[in-house]
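Report on one structure; see the data block that follows.
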Amino acid sequence: MLGFLGLESTDELFRAVPAAIRLAGGLDLEPGLSEADVSVELATMGRRNLATGIAGSGLVCFAGGGAYDHEVPAVTRALAGRSEFVTAYTPYQPEVAQGVLEALFEYQTFISRITGLPISNSSLYDGSAALVEAVNLSVAETHSSRVIVSAGIHPHWRRVLATFAKGTGHEIEVVKLVDGLTDWDSVPGDQGGCVVVGFPNYVGAIESLSKARSLADRLGALLVVCQDPVSAGLLQSPGLHGADVVVGEAQAFGTALSFGGPYLGFFACADRLVRRLPGRLVGETVDLGGTRSYVTTLRAREQDIRREKASSNVCTNETLMAVTAAIQLGWLGTAGIREIAIGGARAANYARKCFSQVSQISLATTAPMFREFALRLPIPASVAIDRLLEEGYLAGIALNEGYEGTDLEETLLLAFTERRTKEEIDHFVTAVRKVVSR
Amino acid sequence: MIEQNLRPGAGRAASAPLLGNASEPTLFEFSSPGRRAYSLRTTEIPKLTAEELIPAEYLRAEVLELTEVSERDLVGHFTRLAHRQYCVDLGAYPLGSCTMKYNPKLCDEAAALRSFAGVHPSTPVHAVQGWMEILVELEEALCKITGMAAATLQPAAGAAGELTGLLLMRAYHEARGDHRTRIIIPDSAHGTNPASVTLGGYEVTTVGSDDRGFVNVAQLKDALGLDVAGIMLTNPNTLGLFEEDITEIAKLVHEVGGLLYYDGANLNPILGVVRPGDMGFDIVHMNLHKTFATPHGGGGPGAGPVAVSQRLVDYLPGPRPVRSNGGPSEFTLEQPQHSIGRVHSYYGNSLVLLRAWTYIRLNGAEGLRRVADMAVLNANWLRERLRGIYDFPYDRPVMHECVISVSSLKKTTGMRALDVAKRLLEYGFHSPTVYFPLIVDEALMIEPTETESPETIAALADALIDIAIEAEREQAEGMELTSARAPKSTPVQRVDEARAARQLVSTFDARR
């Protein structure tokens, strides 16, 4: 090949790189290893992680906060792991990308039904990214940069929102919680870009969407709901109760806990907002022969066409997680999504009853809950979590960051899924009782 | 030599089970009342009703209808969808600037290990020391590769990395009481660059390219001023050319107090050859899903770490995994002093980061250099094979990709770049990137990558030559161009994109 180019060495391929800046002596990295050797290193390092699992084989997981330990069956892993889905690029050539496109069309349908809104994009990076995009859309739509955010939104998402607001100049106002629910009455004024509420919120409480809608109406703002999509198996879909935009984290549908990523940000909106939709959208059409086909559509919204006038810079998204979610939701089906929703709610309800009988432990809020709630312990939650690791439990999340100085600080946020059994909860309650009285 | 030993079908996916012509119904059309695929753990928890658990005012009135299918039908459906999908594992995917290389299967296996994939992101840091070690070692390796001081692994993709980089620039200037308003971008830049600039709160100033395809330095000088926060460059640029004036550009930008941002979309050809830090860049984002072996997943996930020079380290997003003083293998989290804050819910796309760590470990210093060698060799070799057939708008040796033009062929035959791309699908190859960069008329942007064999690249070149000859012959004989109606042998033919936008049907429920 070099001969065909009239070259004698591969070094000559890099003639265009000025000699003064070329790297002398090569990269300062270790030599490459065989697959077998790298596997050994991975196994060694893996032993220094405490992964979730079932009792006796991994930590029993009571942590949630946007990352949930749901059942992922063999069929989801097998199908989502197919190399046609894993090793494809963005479907720029629809004639050879109907597989991914149709799966995304199904994903968009599922998300539309879950959120109760007619338009869903084909994914964003994660829940926080979806929230940032929802806020950007709202500000563009309303021409108001005032962003009203409930303190019941994931504290990390609020931090991400604050980071990106430094570029866009949005003014973010966080509304405090009272007994787990957002204190909307404390918000003054008569104008705003959006009102952001969790449903259920980060501390597990089921917020009133009608109260949030009323505030949005008073401010002339859009209502953005951060939904736990699993809740839709039991709870109202926010789009049917006044939300203009519904976003959130859909890791729960087939994606492993994955140390936080890659996850799946979902984004749904009302029809009238479709021209401002961030990310890719798959639409149905026909080919030259009249055969039903799928293609990415309304492309004129996207960054590669609008460039500096684009309202979003998203290009790469989380297609593989969206395809995974379509498979998982197909596996769950109508009955299954209700089962995992009520399964989490029953486990949470059962655990709450058990803990209510333990002296020294109290509920941090009395608001109605879905599958998560916070406990006040006689010791700081972060201390309890460390002690409970030794007992084989990932005991939850200590409400610190984002709740400093509130009555929720150092309370323990617990989450439940359909995977938690009565036996696991019973033993967990015993373990908590033990470590708090140590 | 390759020419004599060429196997005509090498590397083509023409024999793949792409089942043509019949559409696959959606999963919703398979649905039949009462069918189930799911089964869940037996929990022994009392089976309270929804009304006993949750106040009725919050409960949904109607059942949430998804689908009702058996596991067998679920598998059949998604397997048939898979058969309608091209992918790297099937054949070559020469999409320019996308770096669609084959990825070692060990990377997939690493990402599936329960000891990594089963870890909840809120697990205390002392219980995830294996993860911390991966993240810190990856950061260190990426800094060595780019010649930078430190990096954040949080950004979930390239565009997120760009915006992070711009916010770092903003924080740096503002900390010095220096309010700057503009970012310079060449006209050959990726679309994410100007979009990110707007979201970063800056205005875009575009500078042109000169007749060599490089940044027009005279125009750059005119554009520079004390209100310029920085410049975003891709090097090699989107023409596949190394910006030979890069040290002068760096000097000019730094002289007015601006910073240099390196769009690492095209990092593949410089591994072990030259480092952005040595070129004078202050901020570098990397697309791990391009260069460091994450399959693209049909559009994601990716990971877009951002590495910075020493003067920007204190502004990096936090918390950051760092080595602690406790011992050589002890790690902790640290918040940089003037951190811009989080840009991701947790640590970034961790499993993508794990794949990149695995890839770097497999390749090592020499393996990564060989990636660059082979990527550049393949691109140049392919390009030379096409000389005299297609136009070479900026005719210089290239790095990892080449941009050729169908402009002359279009004038003589009417065949457009899009037609070439569609016809190529029938040869069992994915199409190159088309109509990009914007500064080339009828552009085909071809990146063969380092992982395709000489036989495959020869077969790809032959296919592109065949398509040109066919169009010339058909035009001479007064026939309709085959390429204008291509592809025919794919799962569907050319699709009506205008109709999709005009009559939007983006869910099954929107069908009439």
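Each chain of the structure tokens is named A, B, ... in the order shown, its residues numbered from 1; ligands are numbered from 1 in display order.
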Compile the contact shell of Met286 of chain B as a ChimeraX atom specification: residues with an atom at most 7 Å away, counting only C-alpha atoms, same-chain residues fewer than 6 positions apart removed. /B:158,264-265,304-306
Could you give me, as number ranges by chain, the residues within 7 Å of Pro336 of chain B, counting only C-alpha atoms and dropping anything in the same chain fewer than 5 positions from it? B: 314-316, 318
Selected residues, N, CA and C atoms, written as a compact mmCIF listing (two decimals), in the first residue's frame, please.
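Dumped to out29.txt:
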```txt
# COMPACT_ATOMS: atom_id res chain seq x y z
N ASP B 314 -8.56 24.20 37.63
CA ASP B 314 -9.39 24.56 38.79
C ASP B 314 -10.86 24.81 38.44
N TYR B 315 -11.15 24.91 37.15
CA TYR B 315 -12.53 25.20 36.73
C TYR B 315 -13.29 23.95 36.32
N LEU B 316 -12.62 22.81 36.27
CA LEU B 316 -13.25 21.58 35.76
C LEU B 316 -14.53 21.22 36.51
N GLY B 318 -17.07 19.11 38.70
CA GLY B 318 -16.81 18.24 39.84
C GLY B 318 -18.09 17.56 40.27
```
Close residues, segment 28-39 of chain A itself excluded, 8 Å, only C-alpha atoms, min 4 positions apart in chain, as a short mmCIF file (atom, residue, chain, number, x, y, z; two decimals) with C-alpha atoms, in the first residue's frame:
```cif
data_model
loop_
_atom_site.label_atom_id
_atom_site.label_comp_id
_atom_site.auth_asym_id
_atom_site.auth_seq_id
_atom_site.Cartn_x
_atom_site.Cartn_y
_atom_site.Cartn_z
CA ALA A 43 -11.68 -8.94 37.19
CA LEU B 106 -13.75 -7.59 24.88
CA ALA B 110 -16.14 -5.46 30.02
CA ALA B 141 -4.19 8.12 29.67
CA LYS B 144 -1.02 11.71 27.95
CA THR B 358 -10.19 -1.48 27.96
CA ILE B 360 -6.38 1.68 25.53
CA ARG B 361 -5.13 -1.19 27.68
CA LEU B 362 -5.41 -3.64 24.77
CA ASN B 363 -3.60 -1.34 22.36
CA GLY B 364 -1.00 0.34 24.51
CA ALA B 365 1.29 3.05 23.17
CA GLU B 366 2.36 1.14 20.08
CA GLY B 367 -1.07 -0.14 19.24
#
```
Would you kindly return, as an mmCIF file with N, CA and C atoms, in the first residue's frame, each protein, DNA or RNA residue with an atom no farther than 9 Å from any atom of Thr76 of chain A, considering only C-alpha atoms and excluding same-chain residues fewer than 4 positions away?
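This went into part_37.cif:
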```cif
data_model
loop_
_atom_site.group_PDB
_atom_site.id
_atom_site.type_symbol
_atom_site.label_atom_id
_atom_site.label_comp_id
_atom_site.auth_asym_id
_atom_site.auth_seq_id
_atom_site.Cartn_x
_atom_site.Cartn_y
_atom_site.Cartn_z
ATOM 1 N N VAL A 72 -34.077 -7.026 34.703
ATOM 2 C CA VAL A 72 -33.707 -6.988 33.279
ATOM 3 C C VAL A 72 -33.590 -8.441 32.831
ATOM 4 N N ALA A 80 -31.046 -6.605 22.864
ATOM 5 C CA ALA A 80 -30.381 -5.292 22.856
ATOM 6 C C ALA A 80 -28.886 -5.444 22.614
ATOM 7 N N GLY A 81 -28.350 -6.633 22.851
ATOM 8 C CA GLY A 81 -26.925 -6.863 22.641
ATOM 9 C C GLY A 81 -26.582 -7.282 21.225
ATOM 10 N N GLY A 254 -34.798 -1.413 31.346
ATOM 11 C CA GLY A 254 -33.884 -2.343 30.692
ATOM 12 C C GLY A 254 -32.411 -2.024 30.772
ATOM 13 N N THR A 324 -33.248 -0.482 23.714
ATOM 14 C CA THR A 324 -33.355 -1.382 24.866
ATOM 15 C C THR A 324 -34.682 -1.159 25.594
ATOM 16 N N ALA A 325 -35.059 0.091 25.772
ATOM 17 C CA ALA A 325 -36.318 0.405 26.453
ATOM 18 C C ALA A 325 -37.509 -0.112 25.656
ATOM 19 N N ILE A 327 -37.567 -2.711 23.744
ATOM 20 C CA ILE A 327 -37.604 -4.164 23.951
ATOM 21 C C ILE A 327 -38.162 -4.479 25.341
ATOM 22 N N GLN A 328 -37.644 -3.766 26.339
ATOM 23 C CA GLN A 328 -38.061 -4.024 27.724
ATOM 24 C C GLN A 328 -39.550 -3.714 27.914
ATOM 25 N N TRP A 331 -41.507 -6.401 26.511
ATOM 26 C CA TRP A 331 -41.476 -7.557 27.415
ATOM 27 C C TRP A 331 -42.447 -7.358 28.577
#
```
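What separates atom CA of Gln360 of chain A from atom CA of Ala63 of chain A is a distance of 21.3 Å.
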Using only C-alpha atoms: which of A:Ser214, A:Ser208, A:Thr365, A:Ser382 has the shortest distance to Pro124 of chain B: A:Ser382
Mind checking which residues fall within 8 Å of Asn313 of chain A, counting only C-alpha atoms, ignoring those fewer than 6 positions away in the same chain, and posting them as a list in words? Glu302 and Gln303 of chain A; Ala159, Ala160, Thr192, Asn193, Ala195, Ser196 and Leu199 of chain B
Write out as a PyMOL selection string each polymer residue whose atoms come within 12 Å of Arg494 of chain B, counting only C-alpha atoms; drop sequence neighbours fewer than 3 positions from it. (chain A and resi 93-98+285-295) or (chain B and resi 21+418-419+421-423+425-426+483-491+497-498)
Using only C-alpha atoms for the distances, tell me which of B:Asn325, B:Thr451, B:Asn235, B:Thr413 is nearest to chain A.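 Going through B:Asn325, B:Thr451, B:Asn235, B:Thr413 one by one, the smallest distance to chain A is for B:Asn235.
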Applying 12 Å and only C-alpha atoms, which residues near Ala270 of chain A remain after dropping the ones on its own chain fewer than 6 positions away? List them as an NGL selection string. :A and (112 or 115-121 or 134 or 137-138 or 222-224 or 238-240 or 242-246 or 276-277)
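With atom CA of Thr10 of chain A on one side and atom CA of Arg22 of chain A on the other, the separation reads 14.1 Å.
Among the candidate residues B:Leu220, B:Met279, B:Cys402, B:Ala250, the one lying nearest to chain A is B:Met279, with distances computed using only C-alpha atoms.
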